[in-house]
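**Q** My structure is below; once you've seen it, I'll send some questions.
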Amino acid sequence: MASSSDQTREWHVMSYNMETRGLRSHTKRRQLLDTRSDAKTRSKSQVTSESNECEVNRKDSFDRFGDDLCQHLLSYLALEDRFRAECVSRQWQRFVFTTHKDMIFDTSLRRRSYEVILNACQHVTRIEFPDQWPYINHLILDSVIVNCNHLNALHMRSHTDISVQTMDTFLA
Amino acid sequence: MNGEYSLDTTEGMAASGDPPTNNAVDDYDAEEALERQREEENKIKIKLKSFEGGVYECGLTAAKMSVMVANMLDALQETDLTKIATREPIPLQNDAVTNKALEKIVEWVDHHWDDPPIDPDFDDEKERRNEELSHWDKQFIDIADQGELFDIIAAANFMDIKGLVEVGAKHICNKIKGKSCTEVREMLKIHNDFTPEEEAAIHKENEWIYAKD
C-alpha cells in the first residue's frame with residue numbers, strides 16, 4: 001500500500017503525462033489564452049482606466065474562453081443570431097459561422113439573402129431547400145457549388161427546369 | 001466482497017463472440033448487465049479535490065462522465081475498484097475548478113450518471129443538439145453570478161464533461177437569442193476590438209438579410 005503522499009504524487013504525474021501526450025488540448029488552449037491576454041494587456045497599457053476595469057471583470061467576461069471552447073459554445077446559435085453576433089468581436093467574427101452545419105432554408109427570405117448566407121456558411125454539411133420553392137435555379141446551385149465544399153447532403157424538390165448541364169456540374 | 005465490484009469484461013466479450021443465435025436476447029442481457037454494473041460502481045464513492053483544496057465525494061460512474069477523470073482512473077489499471085475509494089482525492093489542477101464550481105459539477109454528474117453516453121457519430125446527435133434543456137438542467141444552470149457560471153463551463157471543459165459543457169452552451173445561446181451585438185457584448189462583458197467603421201460595415205452587410213420586405 002503506497003503512502004498518501006506517494007499517491008498524490010502519482011495523480012500529479014498522471015495528469016502531467018496526459019497533458020504531454022496531448023490527451024487534452026487544455027495546455028494549448030491555456031497558452032492561447034495567455035497570449036491573448038498578453039496582447040490585451042499590451043494594447044490596454046495605453047488606456048489605463050480601461051485595463052483596470054478589465055482586470056476586475058476577467059472572471060465573468062466571455063473573453064476568458066479560448067477559441068476552441070468559444071467556438072463550441074456558440075455552435076448552438078440559430079443562423080439569424082449568428083448574423084447579429086458577427087460584429088461582437090474579432091474572435092467571434094472568425095468562427096461564428098464555421099459551426100453552422102445544418103441549414104434549412106425557409107421561404108420567407110429574399111433571393112439575394114441566400115447567396116450571402118451560403119457565402120457566410122461555407123462549412124455547412126447539409127442543406128434543405130423548401131418544396132416548390134420558386135427561386136431554385138442554376139444561380140443558387142452555382143453558389144452552392146462555389147461555397148459549400150463540405151456538403152454531403154442536399155434536399156430539394158423543384159418544379160422549375162434545371163438544365164442538365166447545371167446538374168452535371170453539380171454532381172461532379 | 002471485493003470481487004463483486006471488480007470490472008468483469010470477460011463475460012461481455014464472450015457474449016459478443018457467440019454464434020448469432022438469440023442475438024436480441026443476448027444484447028438485451030448484455031445491456032442490462034452493463035446497467036447493473038454501472039449502478040454498482042456508482043455506489044463506490046471517490047473524492048475529487050478542487051483547485052482551492054475543497055474535497056467533494058462523487059459516485060464512480062458519475063465521476064467517469066469526466067473523460068479526464070476516467071482516463072486517470074484507467075491509467076491506474078486497478079482491477080479492484082473498491083481500492084480507488086480509499087485513495088487520496090484526485091486533484092483537479094485548473095483555476096476554473098473552484099470549490100463552488102466543483103460542488104455544482106458533482107451535483108450535475110450525480111443527477112446525470114445514468115444518461116446514455118454522448119456519441120457524436122450517432123444518428124440522433126443532430127436531434128439531441130436541437131433538443132431543449134430539461135427543466136432540471138435549466139434550473140441547475142440558471143446562475144446569477146456570471147463568473148461562477150463561466151467557472152463551471154470552463155471547469156467542465158477542462159474535465160471533459162461533454163454533456164455539461166453542452167448545457168452551458170445551450171444556456172448561453174438561449175441568452176444571446178434575439179439580442180443585438182451591443183447587448184450581447186454588455187451581457188457577456190466582451191471587449192469590442194472593432195473600430196467603429198468596421199462595425200458599421202458588418203452591420204450594413206448583415207442587417208438587410210432578415211429584414212422583411
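How things are named: the first chain in the C-alpha cells is A, the next is B, and so on; residues count from 1 in each chain; ligands count from 1 in the order shown.
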Within 8 Å of Ile141 (chain B), counting only C-alpha atoms, which residues show up once you throw out same-chain ones fewer than 5 positions away? Write them as a list in words, please.
**A** Leu149, Val167, Gly168 and His171 of chain B
**Q** Using only C-alpha atoms, select each residue of chain A with any atom at most 6 Å away from an atom of chain B, and give the selection as a ChimeraX atom specification.
**A** /A:59-63,73,77,84-85,87-89,113
**Q** Check region 30-207 of chain B with DSSP on the backbone and list each residue it calls strand (DSSP E or B), as number ranges by chain.
**A** B: 45-49, 55-59, 90-91
**Q** To one decimal place in Å, what is the distance between CA of Leu74 (chain A) and CA of Ser108 (chain A)?
**A**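 Result for CA of Leu74 (chain A) versus CA of Ser108 (chain A): 24.6 Å, one decimal.
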**Q** Nearest residue to Arg64 (chain A) out of B:Pro116, B:Lys83, B:Asp95, B:Lys138, using only C-alpha atoms?
**A**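 Closest residue, counting only C-alpha atoms: B:Asp95.
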**Q** When you draw a straight line from CA of Val146 (chain A) to CA of Gln122 (chain A), how long is it in Å?
**A** 9.2 Å
**Q** How many Å separate CA of Thr125 (chain A) from CA of Thr99 (chain A)?
**A**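 CA of Thr125 (chain A) sits 10.0 Å away from CA of Thr99 (chain A).
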**Q** Between A:Asp142, A:Asp131, A:Asp68, A:Asp102, which is the closest to Glu115 (chain A) once you count only C-alpha atoms?
**A**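 Selected residue with least distance to Glu115 (chain A): A:Asp142.
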**Q** Can you list, as a list in words, every protein, DNA or RNA residue that comes within 9 Å of region 110-115 of chain B when you count only C-alpha atoms, leaving out same-chain residues fewer than 6 positions away?
**A** Glu35, Arg38, Glu39, Asn42, Cys58, Gly59, Thr61, Ala62, Ala63, Lys64, Met65 and Gly163 of chain B
**Q** Just the selected residues (C-alpha atoms), exported as a PDB file, in the first residue's frame, please.
**A**
ATOM      1  CA  GLU B  35     -26.522  -1.123 -16.458  1.00  0.00           C
ATOM      2  CA  ARG B  38     -22.759   0.922 -13.695  1.00  0.00           C
ATOM      3  CA  GLU B  39     -25.240   1.078 -10.844  1.00  0.00           C
ATOM      4  CA  ASN B  42     -21.764   4.289  -8.708  1.00  0.00           C
ATOM      5  CA  CYS B  58     -18.848  11.558  -6.006  1.00  0.00           C
ATOM      6  CA  GLY B  59     -20.103   8.201  -7.328  1.00  0.00           C
ATOM      7  CA  THR B  61     -19.850   6.079 -12.594  1.00  0.00           C
ATOM      8  CA  ALA B  62     -20.813   9.738 -12.192  1.00  0.00           C
ATOM      9  CA  ALA B  63     -17.172  10.815 -11.876  1.00  0.00           C
ATOM     10  CA  LYS B  64     -16.330   8.899 -15.045  1.00  0.00           C
ATOM     11  CA  MET B  65     -18.580  11.250 -17.012  1.00  0.00           C
ATOM     12  CA  GLY B 163     -22.919  16.855 -21.504  1.00  0.00           C
TER      13      GLY B 163
END
**Q** Let's see if you can do this: from backbone DSSP, list all alpha helix (DSSP H) residues in region 51-166 of chain B, as an MDAnalysis selection string.
**A** chainID B and resid 60:63 67:76 82:85 99:112 125:130 135:141 146:158 162:166
**Q** Give me, as a count of residues only, all polymer residues having an atom no more than 12 Å from Val55 (chain B), counting only C-alpha atoms and skipping those fewer than 5 positions away in the same chain.
**A** 18
